[in-house]
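With TSV, C-alpha atoms inside, this is run32.tsv:
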chain	number	residue	atom	x	y	z
T	122	MET	CA	21.11	39.29	-30.25
T	123	CYS	CA	17.44	39.08	-29.43
T	124	THR	CA	17.41	35.27	-29.22
T	125	VAL	CA	20.46	35.23	-26.96
T	126	ARG	CA	18.71	37.56	-24.58
T	127	ARG	CA	15.56	35.48	-24.56
T	128	SER	CA	17.37	32.26	-23.76
T	129	TRP	CA	19.07	34.04	-20.87
T	130	TYR	CA	15.67	34.96	-19.43
T	131	VAL	CA	14.39	31.43	-19.91
T	132	ASN	CA	17.39	30.06	-18.08
T	133	MET	CA	16.87	32.40	-15.15
T	134	ILE	CA	13.21	31.44	-14.95
T	135	ASN	CA	14.10	27.75	-15.01
T	136	ILE	CA	16.62	28.20	-12.21
T	137	ALA	CA	14.10	30.18	-10.17
T	138	ILE	CA	11.48	27.44	-10.60
T	139	PHE	CA	13.99	24.78	-9.61
T	140	LEU	CA	15.08	26.67	-6.49
T	141	SER	CA	11.53	27.40	-5.37
T	142	LEU	CA	10.50	23.76	-5.81
T	143	PHE	CA	13.61	22.71	-3.92
T	144	ALA	CA	12.79	25.09	-1.04
T	145	LEU	CA	9.10	24.11	-1.06
T	146	GLY	CA	10.03	20.44	-0.95
T	147	PHE	CA	12.47	21.04	1.87
T	148	PHE	CA	10.25	23.10	4.18
T	149	VAL	CA	6.82	21.60	3.51
T	150	GLY	CA	8.16	18.07	3.16
T	151	ARG	CA	10.07	18.28	6.44
T	152	TYR	CA	7.14	19.75	8.32
T	153	LYS	CA	4.73	17.13	6.99
T	154	GLU	CA	7.11	14.30	7.78
T	155	ALA	CA	7.61	15.43	11.38
T	156	ARG	CA	3.85	15.77	11.83
T	157	HIS	CA	3.22	12.32	10.35
T	158	PHE	CA	5.80	10.71	12.65
T	159	SER	CA	4.24	12.19	15.80
T	160	ASP	CA	0.78	11.12	14.60
T	161	LEU	CA	2.04	7.56	13.99
T	162	GLN	CA	3.55	7.43	17.47
T	163	LYS	CA	0.26	8.43	19.08
T	164	ARG	CA	-1.86	5.96	17.12
T	165	GLU	CA	0.61	3.11	17.62
T	166	THR	CA	0.50	3.57	21.39
T	167	ALA	CA	-3.30	3.51	21.33
T	168	LEU	CA	-3.40	0.29	19.27
T	169	ALA	CA	-0.52	-1.51	20.99
T	170	TYR	CA	-2.98	-3.96	22.59
T	171	ILE	CA	-3.55	-5.59	19.18
T	172	THR	CA	-0.65	-8.00	18.93
T	173	THR	CA	0.68	-9.18	15.59
T	174	SER	CA	2.62	-12.19	14.42
T	175	ASN	CA	3.64	-13.75	11.15
T	176	ILE	CA	2.94	-17.28	12.32
T	177	LYS	CA	0.53	-19.12	10.05
T	178	HIS	CA	-1.58	-20.67	12.80
T	179	ALA	CA	-4.09	-19.10	15.10
T	180	PRO	CA	-3.20	-19.10	18.81
T	181	ASP	CA	-5.25	-21.50	20.93
T	182	GLY	CA	-8.62	-20.31	22.10
T	183	MET	CA	-9.23	-17.82	19.31
T	184	ASN	CA	-12.15	-18.95	17.21
T	185	ASN	CA	-13.40	-15.87	15.41
T	186	SER	CA	-11.49	-14.64	12.42
T	187	VAL	CA	-11.81	-11.91	9.85
T	188	PHE	CA	-9.54	-10.81	7.04
T	189	VAL	CA	-8.10	-7.30	7.49
T	190	SER	CA	-5.90	-5.13	5.31
T	191	GLY	CA	-4.54	-1.62	4.99
T	192	ASN	CA	-2.71	0.19	2.24
T	193	VAL	CA	-1.07	3.49	1.51
T	194	VAL	CA	0.54	5.08	-1.55
T	195	VAL	CA	3.24	7.65	-0.84
T	196	SER	CA	5.43	9.91	-2.87
T	197	ILE	CA	8.74	11.56	-2.08
T	198	ASP	CA	9.21	15.34	-2.08
T	199	TYR	CA	11.25	17.33	-4.58
T	200	TYR	CA	14.12	18.11	-2.20
T	201	LYS	CA	14.66	14.48	-1.25
T	202	ARG	CA	14.36	13.41	-4.85
T	203	ILE	CA	17.32	15.65	-5.74
T	204	LEU	CA	19.25	14.42	-2.72
T	205	ALA	CA	18.63	10.82	-3.72
T	206	ALA	CA	19.78	11.55	-7.26
T	207	LEU	CA	23.06	12.88	-5.83
T	208	ARG	CA	23.39	9.73	-3.72
T	209	GLY	CA	23.11	7.79	-6.94
T	210	ILE	CA	26.50	9.15	-7.91
T	211	PHE	CA	28.42	8.24	-4.76
T	212	GLY	CA	26.41	5.29	-3.45
T	213	GLY	CA	25.51	4.57	0.16
T	214	GLN	CA	22.31	4.60	2.11
T	215	ILE	CA	19.58	6.88	0.83
T	216	LYS	CA	18.20	8.06	4.19
T	217	SER	CA	15.38	10.04	2.62
T	218	TYR	CA	13.92	6.94	0.96
T	219	THR	CA	14.46	4.85	4.08
T	220	SER	CA	12.31	7.21	6.16
T	221	LEU	CA	9.66	7.41	3.43
T	222	VAL	CA	9.24	3.64	3.25
T	223	GLU	CA	9.29	3.31	7.05
T	224	ARG	CA	6.55	5.90	7.40
T	225	ALA	CA	4.41	4.25	4.77
T	226	ARG	CA	4.83	0.81	6.29
T	227	ARG	CA	3.86	1.97	9.77
T	228	GLU	CA	0.84	3.77	8.32
T	229	ALA	CA	-0.34	0.67	6.41
T	230	VAL	CA	0.01	-1.55	9.50
T	231	LEU	CA	-1.93	1.00	11.56
T	232	ARG	CA	-4.76	1.11	9.03
T	233	MET	CA	-4.96	-2.67	9.18
T	234	LYS	CA	-5.01	-2.58	12.99
T	235	GLU	CA	-7.75	0.08	12.97
T	236	GLN	CA	-9.84	-2.24	10.83
T	237	ALA	CA	-9.20	-5.08	13.31
T	238	GLU	CA	-10.25	-2.77	16.15
T	239	ASP	CA	-13.57	-2.07	14.39
T	240	PHE	CA	-14.27	-5.81	14.38
T	241	GLY	CA	-13.32	-6.05	18.06
T	242	MET	CA	-10.32	-8.29	17.45
T	243	HIS	CA	-7.16	-8.32	19.56
T	244	HIS	CA	-4.63	-10.35	17.61
T	245	ILE	CA	-3.47	-10.47	13.98
T	246	SER	CA	-1.89	-13.67	12.69
T	247	ASN	CA	0.12	-14.16	9.52
T	248	LEU	CA	0.77	-10.48	8.95
T	249	LYS	CA	2.22	-9.96	5.48
T	250	LEU	CA	3.64	-6.81	3.99
T	251	GLU	CA	3.92	-6.15	0.33
T	252	THR	CA	5.79	-3.29	-1.30
T	253	ALA	CA	5.19	-2.33	-4.89
T	254	SER	CA	6.29	0.52	-7.05
T	255	VAL	CA	3.11	1.70	-8.73
T	256	TYR	CA	2.30	4.01	-11.59
T	257	LYS	CA	5.89	4.55	-12.53
T	258	ASN	CA	6.16	6.89	-15.49
T	259	SER	CA	8.85	7.24	-18.06
T	260	GLN	CA	10.19	10.62	-16.89
T	261	SER	CA	11.01	9.83	-13.29
T	262	SER	CA	12.86	6.74	-12.17
T	263	LEU	CA	10.76	6.48	-9.02
T	264	GLY	CA	7.01	6.50	-9.22
T	265	SER	CA	5.01	6.12	-6.08
T	266	ILE	CA	5.41	3.37	-3.57
T	267	GLU	CA	2.49	1.33	-2.35
T	268	ILE	CA	2.67	-0.57	0.91
T	269	PHE	CA	-0.04	-3.16	1.48
T	270	ALA	CA	-0.40	-4.93	4.84
T	271	TYR	CA	-2.77	-7.83	5.38
T	272	GLY	CA	-3.47	-10.54	7.88
T	273	THR	CA	-6.13	-12.49	9.73
T	274	ALA	CA	-7.55	-10.75	12.78
T	275	LEU	CA	-8.65	-13.04	15.59
T	276	LYS	CA	-10.35	-13.05	18.94
V	1134	MET	CA	-19.15	-9.13	5.60
V	1135	ARG	CA	-19.02	-11.60	2.76
V	1136	ASP	CA	-20.93	-14.88	2.68
V	1137	ILE	CA	-17.63	-16.63	1.96
V	1138	GLU	CA	-15.00	-16.31	4.65
V	1139	ILE	CA	-11.51	-15.46	3.50
V	1140	THR	CA	-8.35	-15.84	5.52
V	1141	ASN	CA	-4.63	-16.00	4.91
V	1142	LEU	CA	-4.16	-18.76	7.47
V	1143	GLU	CA	-3.92	-22.40	6.47
V	1144	THR	CA	-6.95	-23.33	8.53
V	1145	LEU	CA	-10.07	-21.53	9.61
V	1146	PRO	CA	-10.00	-21.29	13.42
V	1147	GLY	CA	-12.82	-23.19	15.07
V	1148	LYS	CA	-13.84	-24.99	11.85
V	1149	THR	CA	-12.84	-28.25	10.18
V	1150	ILE	CA	-12.17	-28.58	6.47
V	1151	THR	CA	-14.35	-31.21	4.82
V	1152	GLN	CA	-13.48	-30.73	1.16
V	1153	HIS	CA	-10.79	-29.08	-0.97
V	1154	LEU	CA	-11.95	-27.52	-4.23
V	1155	GLY	CA	-8.70	-26.24	-5.70
V	1156	MET	CA	-7.24	-22.83	-6.36
V	1157	VAL	CA	-9.38	-19.80	-7.13
V	1158	GLN	CA	-8.14	-16.46	-8.37
V	1159	GLY	CA	-9.15	-12.98	-9.35
V	1160	ASN	CA	-7.33	-10.16	-11.08
V	1161	THR	CA	-7.83	-6.67	-12.37
V	1162	VAL	CA	-5.69	-4.19	-14.27
V	1163	ARG	CA	-6.30	-0.53	-13.53
V	1164	ALA	CA	-4.94	2.55	-15.22
V	1165	LYS	CA	-4.51	5.82	-13.42
V	1166	HIS	CA	-6.82	8.73	-13.88
V	1167	VAL	CA	-5.85	12.13	-15.31
V	1168	GLY	CA	-7.55	14.17	-12.58
V	1169	ARG	CA	-5.85	12.17	-9.89
V	1170	ASP	CA	-2.59	12.47	-11.73
V	1171	ILE	CA	-2.63	16.26	-11.55
V	1172	MET	CA	-2.99	16.12	-7.78
V	1173	ALA	CA	-0.23	13.52	-7.69
V	1174	GLY	CA	2.02	15.85	-9.68
V	1175	PHE	CA	1.60	18.45	-6.96
V	1176	LYS	CA	2.25	15.88	-4.25
V	1177	ASN	CA	5.48	14.95	-5.96
V	1178	ILE	CA	6.80	18.36	-4.88
V	1179	VAL	CA	5.83	18.30	-1.21
V	1180	GLY	CA	5.76	14.53	-0.68
V	1181	GLY	CA	3.30	12.54	1.38
V	1182	GLU	CA	0.35	10.28	0.76
V	1183	LEU	CA	-1.35	10.19	-2.64
V	1184	ARG	CA	-4.85	9.64	-1.32
V	1185	GLY	CA	-6.42	9.27	-4.77
V	1186	TYR	CA	-4.08	6.43	-5.62
V	1187	THR	CA	-4.59	4.75	-2.26
V	1188	GLU	CA	-8.35	4.70	-2.90
V	1189	LEU	CA	-7.89	3.55	-6.49
V	1190	LEU	CA	-5.78	0.58	-5.40
V	1191	THR	CA	-8.19	-0.30	-2.59
V	1192	GLU	CA	-11.10	-0.35	-5.05
V	1193	SER	CA	-9.13	-2.43	-7.53
V	1194	ARG	CA	-8.08	-4.90	-4.88
V	1195	ASP	CA	-11.69	-5.22	-3.66
V	1196	GLN	CA	-12.75	-5.92	-7.23
V	1197	SER	CA	-10.20	-8.70	-7.64
V	1198	ILE	CA	-11.28	-10.21	-4.29
V	1199	ASP	CA	-14.89	-10.11	-5.51
V	1200	ARG	CA	-13.91	-12.00	-8.65
V	1201	MET	CA	-12.11	-14.63	-6.61
V	1202	VAL	CA	-15.09	-14.96	-4.26
V	1203	ASP	CA	-17.45	-15.34	-7.25
V	1204	GLU	CA	-15.33	-18.16	-8.61
V	1205	ALA	CA	-15.31	-19.89	-5.20
V	1206	ARG	CA	-19.08	-19.51	-4.91
V	1207	GLY	CA	-19.48	-21.15	-8.33
V	1208	LEU	CA	-17.54	-24.14	-7.03
V	1209	GLY	CA	-19.79	-24.40	-3.99
V	1210	ALA	CA	-17.13	-23.37	-1.46
V	1211	ASN	CA	-17.84	-21.50	1.75
V	1212	ALA	CA	-14.32	-20.37	2.60
V	1213	ILE	CA	-11.05	-19.45	0.91
V	1214	LEU	CA	-7.82	-20.26	2.73
V	1215	ASN	CA	-4.24	-19.06	2.39
V	1216	VAL	CA	-5.14	-15.97	0.38
V	1217	ARG	CA	-2.21	-14.11	-1.14
V	1218	PHE	CA	-1.84	-10.90	-3.07
V	1219	SER	CA	0.48	-9.77	-5.77
V	1220	THR	CA	0.85	-6.32	-7.33
V	1221	SER	CA	2.75	-5.59	-10.48
V	1222	SER	CA	3.34	-2.54	-12.56
V	1223	ILE	CA	2.75	-3.89	-16.05
V	1224	SER	CA	3.14	-0.71	-18.08
V	1225	ALA	CA	3.61	3.00	-17.45
V	1226	GLY	CA	0.53	4.10	-15.57
V	1227	ALA	CA	-1.17	0.71	-15.16
V	1228	SER	CA	-1.03	-1.83	-12.36
V	1229	GLU	CA	-2.28	-5.36	-12.02
V	1230	LEU	CA	-3.73	-6.59	-8.76
V	1231	TYR	CA	-3.88	-10.34	-8.44
V	1232	VAL	CA	-5.28	-12.40	-5.59
V	1233	TYR	CA	-5.42	-16.18	-5.18
V	1234	GLY	CA	-6.27	-18.78	-2.61
V	1235	THR	CA	-7.64	-22.26	-2.01
V	1236	ALA	CA	-11.38	-22.79	-2.04
V	1237	VAL	CA	-12.65	-25.21	0.60
V	1238	VAL	CA	-15.80	-26.38	2.27
V	1239	VAL	CA	-15.65	-26.03	6.06
V	1240	ARG	CA	-18.00	-27.05	8.81
Let's see the structure in the file written out as structure tokens.
Amino acid sequence: MCTVRRSWYVNMINIAIFLSLFALGFFVGRYKEARHFSDLQKRETALAYITTSNIKHAPDGMNNSVFVSGNVVVSIDYYKRILAALRGIFGGQIKSYTSLVERARREAVLRMKEQAEDFGMHHISNLKLETASVYKNSQSSLGSIEIFAYGTALK
Amino acid sequence: MRDIEITNLETLPGKTITQHLGMVQGNTVRAKHVGRDIMAGFKNIVGGELRGYTELLTESRDQSIDRMVDEARGLGANAILNVRFSTSSISAGASELYVYGTAVVVR
């Protein structure tokens, strides 16, 4: 009798933890994502004068070069993780992951451009983007995603 | 700034290549850190950037670039062209950062 009662309590506690994590992920994650997107928009407009290309040669008349790079490691929130797990049953686009990767990629490119700005450069040639899943652990299928952007800044 | 110029273009703008010295490379394998992992565990709930990991990977990548540059210096090069990176997760909690390029003498 006693053990039955205890397992009932444990179950309730587990459900409560799950629901609070779910709610925390939903509200905080959404707020942070919206804030990050508006921040990206602002910084991208400010750095729009630095043009980028993935052509391997430097444009004519640019003789100073420096190697620039930017990286970012991001993680998904609890709410989206659950949503993505549900998607895994029915298939289709996982919107929550799409926006996560997009955000990370824009952030990495901006960090690279900020570095180019510090050197006084106004063009980046041979821009390459690399995506890697890092520090994956055995419990969760998705670890964190790293986006690394690099290129040669020129003036 | 380094004494050896590195670029991921096939030429160094404004310079001419006088000698090719072959491929140079550098790598490093880094494991994650328990303290950083606790913060990351929290971030897994609310999402967003894992700043500790970003820094860790930047440091590791800089270390592998330094190793590549050291090798190029040993060959007597003054520039490395067509530099490329590769990242792989080799075991749970450890990543390898690899960088390679062609060492050359430019004038």
Counting all atoms listed in the file, collect the residues of chain V whose closest atom lies at most 8 Å from chain T, and write them out as a PyMOL selection string.
chain V and resi 1138-1147+1165+1176-1184+1186-1187+1191+1219-1222+1225-1228
Grab all the atoms of segment 1224-1233 of chain V that the file lists, wrap them in a box along x, y and z, add 4 Å per side, and give me centre plus edge lengths in Å (one decimal) as JSON.
{"center_x": -0.9, "center_y": -6.0, "center_z": -11.6, "size_x": 17.0, "size_y": 28.3, "size_z": 20.9}
Taken to one decimal, the atom CA of Met233 of chain T-atom CA of Gln1158 of chain V distance is 22.5 Å
Restricting the calculation to all atoms listed in the file: of V:Thr1149, V:Ala1236, V:Leu1154, V:Ile1223, which residue gets closest to Met1201 of chain V?
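That would be V:Ala1236, the residue with the smallest distance to Met1201 of chain V.
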Coordinates-based distance that separates atom CA of Asp1203 of chain V from atom CA of His1153 of chain V (Å, one decimal):
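The value is 16.5 Å.
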Which residue of V:Met1156, V:Phe1218, V:Asp1136, V:Ser1197 approaches Thr1235 of chain V most closely, using all atoms listed in the file
V:Met1156
For Gly1159 of chain V, please output as a PyMOL selection string all residues within 10 Å (counting all atoms listed in the file; exclusion window: fewer than 5 positions along the same chain).
chain V and resi 1194-1204+1218+1230-1234
Go ahead and dump the residues you just picked, C-alpha atoms, as a CSV table (one decimal), in the frame of the given file.
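What landed in again04.csv:
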chain,number,residue,atom,x,y,z
V,1194,ARG,CA,-8.1,-4.9,-4.9
V,1195,ASP,CA,-11.7,-5.2,-3.7
V,1196,GLN,CA,-12.8,-5.9,-7.2
V,1197,SER,CA,-10.2,-8.7,-7.6
V,1198,ILE,CA,-11.3,-10.2,-4.3
V,1199,ASP,CA,-14.9,-10.1,-5.5
V,1200,ARG,CA,-13.9,-12.0,-8.6
V,1201,MET,CA,-12.1,-14.6,-6.6
V,1202,VAL,CA,-15.1,-15.0,-4.3
V,1203,ASP,CA,-17.4,-15.3,-7.2
V,1204,GLU,CA,-15.3,-18.2,-8.6
V,1218,PHE,CA,-1.8,-10.9,-3.1
V,1230,LEU,CA,-3.7,-6.6,-8.8
V,1231,TYR,CA,-3.9,-10.3,-8.4
V,1232,VAL,CA,-5.3,-12.4,-5.6
V,1233,TYR,CA,-5.4,-16.2,-5.2
V,1234,GLY,CA,-6.3,-18.8,-2.6
For atom CA of Phe139 of chain T and atom CA of Ile203 of chain T, quote the distance in Å rounded to one decimal.
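About the pair atom CA of Phe139 of chain T and atom CA of Ile203 of chain T: they are 10.5 Å apart.
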